[in-house]
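**Q** Following this line is run.txt, made up of compact mmCIF, C-alpha atoms:
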```
# COMPACT_ATOMS: atom_id res chain seq x y z
CA MET W 786 143.92 93.34 67.21
CA THR W 787 143.82 89.70 66.11
CA THR W 788 143.13 88.53 69.67
CA THR W 789 140.35 91.09 70.09
CA THR W 790 138.77 90.02 66.81
CA ALA W 791 138.94 86.37 67.80
CA VAL W 792 137.28 87.09 71.16
CA ALA W 793 134.54 89.09 69.47
CA ASN W 794 133.94 86.28 66.98
CA ASP W 795 133.73 83.78 69.83
CA ILE W 796 131.15 85.94 71.63
CA VAL W 797 129.06 86.33 68.48
CA GLY W 798 129.28 82.63 67.79
CA THR W 799 128.25 81.81 71.36
CA LYS W 800 125.23 84.12 71.11
CA ARG W 801 124.21 82.59 67.79
CA GLY W 802 124.53 79.15 69.31
CA ARG W 803 122.16 80.16 72.12
CA TRP W 804 119.46 81.43 69.78
CA PRO W 805 117.94 77.99 69.03
CA VAL W 806 117.92 77.15 72.75
CA GLY W 807 116.20 80.45 73.55
CA LEU W 808 113.62 79.93 70.83
CA LEU W 809 112.87 76.45 72.13
CA LEU W 810 112.41 77.78 75.66
CA VAL W 811 109.84 80.37 74.58
CA ALA W 812 108.13 78.16 71.99
CA ALA W 813 105.86 76.39 74.48
CA PRO W 814 104.47 79.51 76.23
CA VAL W 815 104.10 81.34 72.91
CA PHE W 816 102.20 78.37 71.50
CA LEU W 817 99.90 78.28 74.54
CA VAL W 818 99.24 82.03 74.30
CA GLY W 819 98.45 81.70 70.61
CA TRP W 820 96.25 78.64 71.11
CA MET W 821 94.35 79.70 74.25
CA ILE W 822 94.19 83.50 73.81
CA ILE W 823 94.99 84.76 70.31
CA TRP W 824 93.08 82.12 68.36
CA PRO W 825 89.88 82.37 70.48
CA ILE W 826 89.94 86.16 69.97
CA ILE W 827 90.29 85.80 66.20
CA SER W 828 87.62 83.09 66.16
CA ALA W 829 85.22 85.22 68.24
CA ILE W 830 85.65 88.23 65.96
CA GLY W 831 85.13 86.03 62.91
CA ARG W 832 81.90 84.55 64.33
CA THR W 833 80.47 88.03 64.89
CA VAL W 834 81.25 89.48 61.46
CA TRP W 835 80.59 86.40 59.29
CA LEU W 836 76.95 85.63 59.95
CA PRO W 837 74.69 83.05 58.24
CA ASN W 838 72.02 84.45 55.97
CA GLU W 839 68.60 83.00 55.19
CA GLY W 840 70.14 80.48 52.81
CA GLY W 841 72.57 79.23 55.47
CA GLU W 842 75.63 80.75 53.80
CA ARG W 843 77.89 83.02 55.78
CA SER W 844 78.61 86.57 54.66
CA PHE W 845 80.24 89.66 56.11
CA SER W 846 77.85 91.60 58.36
CA LEU W 847 78.07 94.04 61.28
CA GLU W 848 74.47 93.45 62.25
CA THR W 849 75.19 92.38 65.83
CA TYR W 850 77.43 95.41 66.49
CA ALA W 851 74.83 97.73 64.98
CA PHE W 852 72.20 96.23 67.26
CA PHE W 853 74.39 96.60 70.35
CA PHE W 854 75.16 100.28 69.75
CA SER W 855 71.53 101.04 68.87
CA ASP W 856 70.02 99.17 71.82
CA GLN W 857 69.57 101.47 74.81
CA TYR W 858 69.66 98.63 77.33
CA SER W 859 73.01 97.40 75.99
CA LEU W 860 74.42 100.93 76.05
CA ASN W 861 73.23 101.39 79.63
CA ASN W 862 75.04 98.21 80.63
CA LEU W 863 78.20 99.37 78.89
CA TRP W 864 78.00 102.79 80.54
CA LEU W 865 77.49 101.21 83.99
CA THR W 866 80.55 99.03 83.43
CA LEU W 867 82.66 102.01 82.39
CA TRP W 868 81.38 104.06 85.34
CA THR W 869 82.07 101.26 87.83
CA THR W 870 85.54 100.68 86.40
CA GLY W 871 86.48 104.36 86.51
CA VAL W 872 85.15 104.90 90.04
CA CYS W 873 86.87 101.75 91.34
CA ALA W 874 90.20 102.70 89.73
CA LEU W 875 90.06 106.20 91.25
CA ILE W 876 89.11 104.96 94.72
CA LEU W 877 91.80 102.27 94.61
CA ILE W 878 94.52 104.79 93.82
CA LEU W 879 93.29 107.14 96.55
CA ILE W 880 93.27 104.30 99.10
CA CYS W 881 96.27 102.23 98.05
CA LEU W 882 98.77 105.01 97.36
CA PRO W 883 98.82 106.27 100.99
CA ILE W 884 98.99 102.67 102.23
CA SER W 885 101.92 101.93 99.91
CA LEU W 886 103.74 105.10 100.94
CA TYR W 887 103.30 104.20 104.59
CA LEU W 888 104.55 100.65 104.05
CA ARG W 889 107.54 101.90 102.04
CA PHE W 890 108.85 104.34 104.63
CA ALA W 891 107.46 103.04 107.93
CA LYS W 892 109.18 100.45 110.07
CA GLY W 893 108.09 98.40 113.02
CA ARG W 894 105.38 95.98 114.02
CA LEU W 895 102.49 98.28 113.10
CA ALA W 896 103.66 98.44 109.47
CA ALA W 897 103.71 94.65 109.36
CA TYR W 898 100.13 94.54 110.64
CA VAL W 899 99.02 97.12 108.08
CA GLN W 900 100.64 95.11 105.28
CA GLY W 901 98.94 91.95 106.48
CA LEU W 902 95.54 93.67 106.47
CA ALA W 903 96.18 95.10 103.00
CA ILE W 904 97.04 91.68 101.59
CA PHE W 905 94.28 89.81 103.45
CA PRO W 906 91.53 90.32 100.78
CA MET W 907 93.66 88.29 98.35
CA PHE W 908 92.83 85.14 100.34
CA VAL W 909 89.06 85.74 100.56
CA PRO W 910 87.02 84.22 97.70
CA SER W 911 84.73 86.64 95.89
CA ILE W 912 81.58 84.70 96.73
CA ILE W 913 82.37 84.79 100.46
CA LEU W 914 83.14 88.50 100.22
CA SER W 915 79.82 89.09 98.49
CA TYR W 916 77.76 87.47 101.21
CA ALA W 917 79.84 89.12 103.92
CA ILE W 918 79.00 92.52 102.43
CA ILE W 919 75.32 91.54 102.26
CA ARG W 920 75.32 90.53 105.93
CA VAL W 921 77.09 93.72 107.00
CA LEU W 922 75.69 96.41 104.67
CA GLY W 923 72.53 94.76 103.38
CA PRO W 924 69.00 95.43 104.65
CA ASN W 925 68.75 94.48 108.36
CA GLY W 926 72.47 93.77 108.32
CA THR W 927 75.01 94.36 111.05
CA VAL W 928 75.25 98.09 110.43
CA ASP W 929 71.47 98.51 110.57
CA LEU W 930 71.27 96.54 113.81
CA LEU W 931 73.99 98.67 115.42
CA LEU W 932 72.31 101.90 114.32
CA ASN W 933 68.94 100.72 115.60
CA SER W 934 70.45 99.77 118.95
CA VAL W 935 71.47 103.40 119.56
CA GLY W 936 68.28 104.89 118.16
CA LEU W 937 69.64 106.03 114.78
CA PRO W 938 67.80 105.52 111.47
CA LYS W 939 68.79 102.83 108.99
CA ILE W 940 71.23 103.58 106.21
CA ARG W 941 70.38 103.24 102.56
CA SER W 942 71.92 99.89 101.69
CA PRO W 943 74.31 99.81 98.71
CA TYR W 944 73.24 96.22 98.09
CA LEU W 945 71.57 95.82 94.66
CA THR W 946 72.68 99.33 93.66
CA PRO W 947 75.65 100.34 91.46
CA TRP W 948 77.63 101.07 94.64
CA GLY W 949 77.40 97.46 95.81
CA PRO W 950 79.85 96.12 93.18
CA VAL W 951 82.06 99.20 93.70
CA ILE W 952 82.55 98.35 97.38
CA GLY W 953 83.24 94.70 96.66
CA LEU W 954 85.56 95.31 93.70
CA VAL W 955 87.58 97.94 95.56
CA TRP W 956 88.05 95.58 98.50
CA ASP W 957 88.95 92.69 96.19
CA ASN W 958 91.57 94.67 94.22
CA ILE W 959 93.37 96.36 97.12
CA PRO W 960 96.09 93.66 97.51
CA LEU W 961 97.24 93.67 93.87
CA THR W 962 97.20 97.47 93.67
CA VAL W 963 99.20 97.83 96.90
CA LEU W 964 101.77 95.27 95.76
CA ILE W 965 102.27 96.96 92.38
CA LEU W 966 102.62 100.43 93.90
CA LEU W 967 104.91 99.10 96.63
CA SER W 968 107.10 97.52 93.96
CA GLY W 969 107.34 100.84 92.16
CA LEU W 970 108.20 102.66 95.37
CA GLY W 971 111.19 100.37 95.72
CA ALA W 972 112.84 102.46 92.99
CA VAL W 973 112.64 105.56 95.21
CA SER W 974 115.91 105.57 97.13
CA ASN W 975 116.24 106.88 100.66
CA GLN W 976 119.19 108.98 99.52
CA SER W 977 117.07 110.98 97.11
CA ILE W 978 114.48 111.59 99.84
CA GLU W 979 117.13 112.73 102.30
CA ALA W 980 118.78 114.96 99.70
CA ALA W 981 115.46 116.67 98.96
CA ARG W 982 114.82 117.17 102.67
CA ASP W 983 118.26 118.71 103.10
CA VAL W 984 117.37 121.47 100.64
CA GLY W 985 114.11 122.19 102.42
CA ALA W 986 111.54 120.09 100.54
CA GLY W 987 108.37 119.40 102.48
CA ARG W 988 106.16 116.32 102.36
CA TRP W 989 104.01 117.52 99.48
CA ALA W 990 107.08 118.60 97.50
CA LEU W 991 108.66 115.18 98.07
CA LEU W 992 105.49 113.47 96.91
CA TRP W 993 104.95 115.64 93.85
CA HIS W 994 108.52 116.13 92.59
CA ILE W 995 110.40 113.05 93.83
CA ILE W 996 108.04 110.12 94.44
CA LEU W 997 105.22 110.43 91.89
CA PRO W 998 107.49 110.94 88.83
CA ARG W 999 109.37 107.73 89.71
CA ILE W 1000 106.29 105.60 90.25
CA SER W 1001 104.20 106.93 87.36
CA ASN W 1002 104.73 103.71 85.40
CA SER W 1003 103.70 101.64 88.42
CA VAL W 1004 100.55 103.71 88.83
CA LEU W 1005 99.77 103.16 85.15
CA VAL W 1006 100.34 99.41 85.49
CA ALA W 1007 98.17 99.27 88.61
CA VAL W 1008 95.35 101.14 86.87
CA SER W 1009 95.65 98.89 83.80
CA PHE W 1010 95.45 95.68 85.83
CA THR W 1011 92.57 97.10 87.85
CA VAL W 1012 90.61 98.08 84.76
CA LEU W 1013 91.20 94.71 83.08
CA GLY W 1014 90.07 92.83 86.17
CA ILE W 1015 87.04 94.97 86.97
CA PHE W 1016 85.76 95.27 83.41
CA SER W 1017 85.53 91.51 83.05
CA SER W 1018 84.40 90.74 86.62
CA PHE W 1019 81.33 88.57 87.12
CA THR W 1020 80.75 87.25 90.66
CA LEU W 1021 80.66 90.52 92.61
CA PRO W 1022 78.53 92.45 90.06
CA TYR W 1023 76.20 89.46 89.72
CA VAL W 1024 75.61 89.04 93.45
CA LEU W 1025 75.82 92.65 94.66
CA GLY W 1026 74.72 94.70 91.65
CA PRO W 1027 71.31 95.70 90.33
CA ALA W 1028 69.40 93.58 87.84
CA ALA W 1029 69.07 96.46 85.38
CA PRO W 1030 71.27 97.98 84.24
CA GLU W 1031 73.94 95.36 84.81
CA MET W 1032 77.66 95.16 84.16
CA MET W 1033 79.02 93.47 81.06
CA GLY W 1034 80.03 90.25 82.85
CA PRO W 1035 76.52 89.30 84.06
CA PHE W 1036 75.08 90.76 80.83
CA MET W 1037 77.14 88.38 78.67
CA GLN W 1038 76.31 85.40 80.85
CA ARG W 1039 72.57 86.15 80.82
CA THR W 1040 72.57 86.70 77.06
CA PHE W 1041 74.28 83.36 76.52
CA ARG W 1042 72.27 81.29 79.01
CA ASP W 1043 68.86 82.90 79.46
CA VAL W 1044 68.36 84.53 76.06
CA ASN W 1045 70.17 81.66 74.30
CA ASP W 1046 71.92 84.01 71.88
CA PRO W 1047 75.60 82.98 71.80
CA THR W 1048 76.41 85.19 68.81
CA MET W 1049 75.24 88.31 70.65
CA ALA W 1050 77.05 87.22 73.79
CA ILE W 1051 80.27 86.85 71.79
CA THR W 1052 79.66 90.30 70.28
CA GLN W 1053 79.41 91.75 73.78
CA ALA W 1054 82.64 89.98 74.71
CA VAL W 1055 84.43 91.39 71.65
CA ILE W 1056 83.26 94.91 72.52
CA ALA W 1057 84.45 94.47 76.11
CA PHE W 1058 87.78 93.19 74.78
CA GLY W 1059 88.06 96.28 72.59
CA PHE W 1060 87.85 98.54 75.64
CA CYS W 1061 90.23 96.37 77.66
CA ILE W 1062 92.86 96.24 74.94
CA VAL W 1063 93.28 100.02 75.17
CA PHE W 1064 94.42 99.71 78.79
CA GLY W 1065 96.41 96.62 77.89
CA LEU W 1066 98.35 98.69 75.39
CA PHE W 1067 99.16 101.17 78.16
CA TYR W 1068 100.62 98.30 80.17
CA VAL W 1069 102.63 96.96 77.21
CA ARG W 1070 103.93 100.46 76.50
CA SER W 1071 104.99 100.85 80.13
CA VAL W 1072 106.83 97.51 80.12
CA ALA W 1073 108.55 98.32 76.83
CA LYS W 1074 109.56 101.74 78.15
CA ASN W 1075 111.08 100.19 81.29
CA ARG W 1076 113.02 97.63 79.25
CA ALA W 1077 114.34 100.35 76.95
CA ALA W 1078 115.44 102.37 79.95
```
Once you've parsed the file, please lay out its structure as C-alpha cells.

**A**
Amino acid sequence: MTTTTAVANDIVGTKRGRWPVGLLLVAAPVFLVGWMIIWPIISAIGRTVWLPNEGGERSFSLETYAFFFSDQYSLNNLWLTLWTTGVCALILILICLPISLYLRFAKGRLAAYVQGLAIFPMFVPSIILSYAIIRVLGPNGTVDLLLNSVGLPKIRSPYLTPWGPVIGLVWDNIPLTVLILLSGLGAVSNQSIEAARDVGAGRWALLWHIILPRISNSVLVAVSFTVLGIFSSFTLPYVLGPAAPEMMGPFMQRTFRDVNDPTMAITQAVIAFGFCIVFGLFYVRSVAKNRAA
C-alpha cells in the first residue's frame, strides 16, 4: 500500500510539474488568437454599437444594425449569400461523398487518378479559376463555340448570375471537403463492412446503417468549414457574380471603398460573423464530442 501511494504521489507530482511547461507551450498561440482574432472582433462590435453623436461624444446605439435590417438592398445581399452558401454546401456533399466513398474502398491506379483530380483545385488560385470559368462558360466561350460548331443554340451563361459563384465555389471547395470526408471514412473498418455483408446487407443498407452514422461528425465538420469559407468569400463572387444583388464579401468591400462608410462595412462584417459563428459552434461541438469519446 505504501509503495502504491508513493507511485501515485510521484505521478501526481510529475503531472503538476508539467503544467507550467504546458501552459508556456500554449501561451504563444493563445496570445496570437486573442490579439489577431478575439480583440478585432470585440473592437469591431464596439465600433458599431458606440457611435459618435452630433457633439462628437460616443454613446450606445444600434442605428447601423437597424439600417441594415430595414434596407432592402442589404437584405437581398444577405439572402443571396445565404442561398449561395446553402446551395454550395448541398452540392458539395452530393458530389464529394460519392468520391470519398470510392476513394475509401477502391484500389488501383484509377483511384489514384481520381484522388489527384479531386485534390487538383486546391492548387489553382481563385482568380485563375474565375477567368477559366469565364472563358469556358461565359458568352462566346468554349462551350458556345462547340455548340455552334454542331449547329446547336447557345447556352444561357451562368457568368454574372447567382449560379456563376456557385460553380466556382463548389469547384474551389471540393478538395477540402473530400479530404475531411475521407478522413472520417477512415474510422469505418473493413471488418464492420464485411460483417454487415455476411448478414445480407446491401449497398444502401451499408451506407445508411454502417457508414453514415460513423461519419456524421465528419459531414458536419465539412459543412461547417464549407459554410465558413463560402460565406466570407470575395474573389469568386466579385468576378463571377452579379452586380446586384451581391454577396456579403463584395458588398463589404464596396461599402468600405466606394461608399466610404467604414462603420457600415464593419456592421456588415459583424452580421456575417454572427451567422458564421453558428456553424463554428457546430464544429467546436463536434470536436469536443470526439475528444470526450

**Q** To one decimal in Å, tell me the separation between CA of Ser1018 in chain W and CA of Gly819 in chain W.

**A** 23.1 Å

**Q** Would you pick out the contacts of range 952-959 of chain W at 8 Å or less, using all atoms listed in the file, so that residues sharing its chain but fewer than 3 positions from it are not included, and give the list as a list in words?

**A**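 My list of contacting residues is Cys873, Ala874, Ile876, Leu877, Cys881, Ala903, Ile904, Pro906, Met907, Ser911, Leu914, Ser915, Ile918, Trp948, Gly949, Thr962, Val963, Thr1011, Ile1015, Leu1021 and Leu1025 of chain W.
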
**Q** Could you tell me how far CA of Ala1029 in chain W lies from CA of Ser859 in chain W, in Å and to one decimal?

**A**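 So the two atoms, CA of Ala1029 in chain W and CA of Ser859 in chain W, lie 10.2 Å apart.
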
**Q** With distances taken over all atoms listed in the file, which of W:Ile830, W:Val899, W:Val1008, W:Leu817 is nearest to Val872 in chain W?

**A** W:Val1008

**Q** Do a neighbour search on range 1054-1060 of chain W at 12 Å with all atoms listed in the file, toss out local chain neighbours closer than 3 positions, and write the hits as a PDB file with C-alpha atoms, in the coordinates of the input.

**A**
```pdb
ATOM      1  CA  ILE W 822      94.190  83.500  73.810  1.00  0.00           C
ATOM      2  CA  ILE W 823      94.990  84.760  70.310  1.00  0.00           C
ATOM      3  CA  PRO W 825      89.880  82.370  70.480  1.00  0.00           C
ATOM      4  CA  ILE W 826      89.940  86.160  69.970  1.00  0.00           C
ATOM      5  CA  ILE W 827      90.290  85.800  66.200  1.00  0.00           C
ATOM      6  CA  SER W 828      87.620  83.090  66.160  1.00  0.00           C
ATOM      7  CA  ALA W 829      85.220  85.220  68.240  1.00  0.00           C
ATOM      8  CA  ILE W 830      85.650  88.230  65.960  1.00  0.00           C
ATOM      9  CA  GLY W 831      85.130  86.030  62.910  1.00  0.00           C
ATOM     10  CA  ARG W 832      81.900  84.550  64.330  1.00  0.00           C
ATOM     11  CA  THR W 833      80.470  88.030  64.890  1.00  0.00           C
ATOM     12  CA  VAL W 834      81.250  89.480  61.460  1.00  0.00           C
ATOM     13  CA  THR W 849      75.190  92.380  65.830  1.00  0.00           C
ATOM     14  CA  TYR W 850      77.430  95.410  66.490  1.00  0.00           C
ATOM     15  CA  ALA W 851      74.830  97.730  64.980  1.00  0.00           C
ATOM     16  CA  PHE W 853      74.390  96.600  70.350  1.00  0.00           C
ATOM     17  CA  PHE W 854      75.160 100.280  69.750  1.00  0.00           C
ATOM     18  CA  SER W 859      73.010  97.400  75.990  1.00  0.00           C
ATOM     19  CA  LEU W 860      74.420 100.930  76.050  1.00  0.00           C
ATOM     20  CA  ASN W 862      75.040  98.210  80.630  1.00  0.00           C
ATOM     21  CA  LEU W 863      78.200  99.370  78.890  1.00  0.00           C
ATOM     22  CA  TRP W 864      78.000 102.790  80.540  1.00  0.00           C
ATOM     23  CA  THR W 866      80.550  99.030  83.430  1.00  0.00           C
ATOM     24  CA  LEU W 867      82.660 102.010  82.390  1.00  0.00           C
ATOM     25  CA  THR W 870      85.540 100.680  86.400  1.00  0.00           C
ATOM     26  CA  SER W1009      95.650  98.890  83.800  1.00  0.00           C
ATOM     27  CA  VAL W1012      90.610  98.080  84.760  1.00  0.00           C
ATOM     28  CA  LEU W1013      91.200  94.710  83.080  1.00  0.00           C
ATOM     29  CA  GLY W1014      90.070  92.830  86.170  1.00  0.00           C
ATOM     30  CA  ILE W1015      87.040  94.970  86.970  1.00  0.00           C
ATOM     31  CA  PHE W1016      85.760  95.270  83.410  1.00  0.00           C
ATOM     32  CA  SER W1017      85.530  91.510  83.050  1.00  0.00           C
ATOM     33  CA  SER W1018      84.400  90.740  86.620  1.00  0.00           C
ATOM     34  CA  MET W1032      77.660  95.160  84.160  1.00  0.00           C
ATOM     35  CA  MET W1033      79.020  93.470  81.060  1.00  0.00           C
ATOM     36  CA  GLY W1034      80.030  90.250  82.850  1.00  0.00           C
ATOM     37  CA  PRO W1035      76.520  89.300  84.060  1.00  0.00           C
ATOM     38  CA  PHE W1036      75.080  90.760  80.830  1.00  0.00           C
ATOM     39  CA  MET W1037      77.140  88.380  78.670  1.00  0.00           C
ATOM     40  CA  GLN W1038      76.310  85.400  80.850  1.00  0.00           C
ATOM     41  CA  THR W1040      72.570  86.700  77.060  1.00  0.00           C
ATOM     42  CA  PHE W1041      74.280  83.360  76.520  1.00  0.00           C
ATOM     43  CA  PRO W1047      75.600  82.980  71.800  1.00  0.00           C
ATOM     44  CA  THR W1048      76.410  85.190  68.810  1.00  0.00           C
ATOM     45  CA  MET W1049      75.240  88.310  70.650  1.00  0.00           C
ATOM     46  CA  ALA W1050      77.050  87.220  73.790  1.00  0.00           C
ATOM     47  CA  ILE W1051      80.270  86.850  71.790  1.00  0.00           C
ATOM     48  CA  VAL W1063      93.280 100.020  75.170  1.00  0.00           C
ATOM     49  CA  PHE W1064      94.420  99.710  78.790  1.00  0.00           C
ATOM     50  CA  GLY W1065      96.410  96.620  77.890  1.00  0.00           C
ATOM     51  CA  LEU W1066      98.350  98.690  75.390  1.00  0.00           C
ATOM     52  CA  PHE W1067      99.160 101.170  78.160  1.00  0.00           C
TER      53      PHE W1067
END
```

**Q** Range 971-983 of chain W: which residues within 8 Å, counting all atoms listed in the file, same-chain residues fewer than 2 positions away excluded, as a list in words?

**A**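 Skipping anything fewer than 2 positions along the chain leaves Arg889, Leu967, Ser968, Gly969, Gly985, Ala986, Gly987, Leu991, Ile995, Ile996, Arg999 and Ile1000 of chain W.
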
**Q** One decimal, Å: what's the distance from CA of Pro837 in chain W over to CA of Glu1031 in chain W, could you say?

**A**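 Calculated distance between CA of Pro837 in chain W and CA of Glu1031 in chain W is 29.3 Å.
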
**Q** Taking all atoms listed in the file into account, which of W:Val1069, W:Arg941, W:Ile912, W:Val815 comes nearest Gly926 in chain W?

**A**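 That would be W:Arg941, the residue with the smallest distance to Gly926 in chain W.
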
**Q** Centre and edge lengths of an axis-aligned box around all listed atoms of range 878-893 of chain W, with 4 Å added on each side, are to be given in Å to one decimal, as AutoDock Vina command-line options.

**A**
```
--center_x 101.2 --center_y 102.8 --center_z 103.4 --size_x 23.9 --size_y 16.7 --size_z 27.2
```

**Q** Pick out the closest residue to Val1024 in chain W from this set: W:Pro814, W:Pro805, W:Gly923, W:Gly893. Count all atoms listed in the file.

**A** W:Gly923
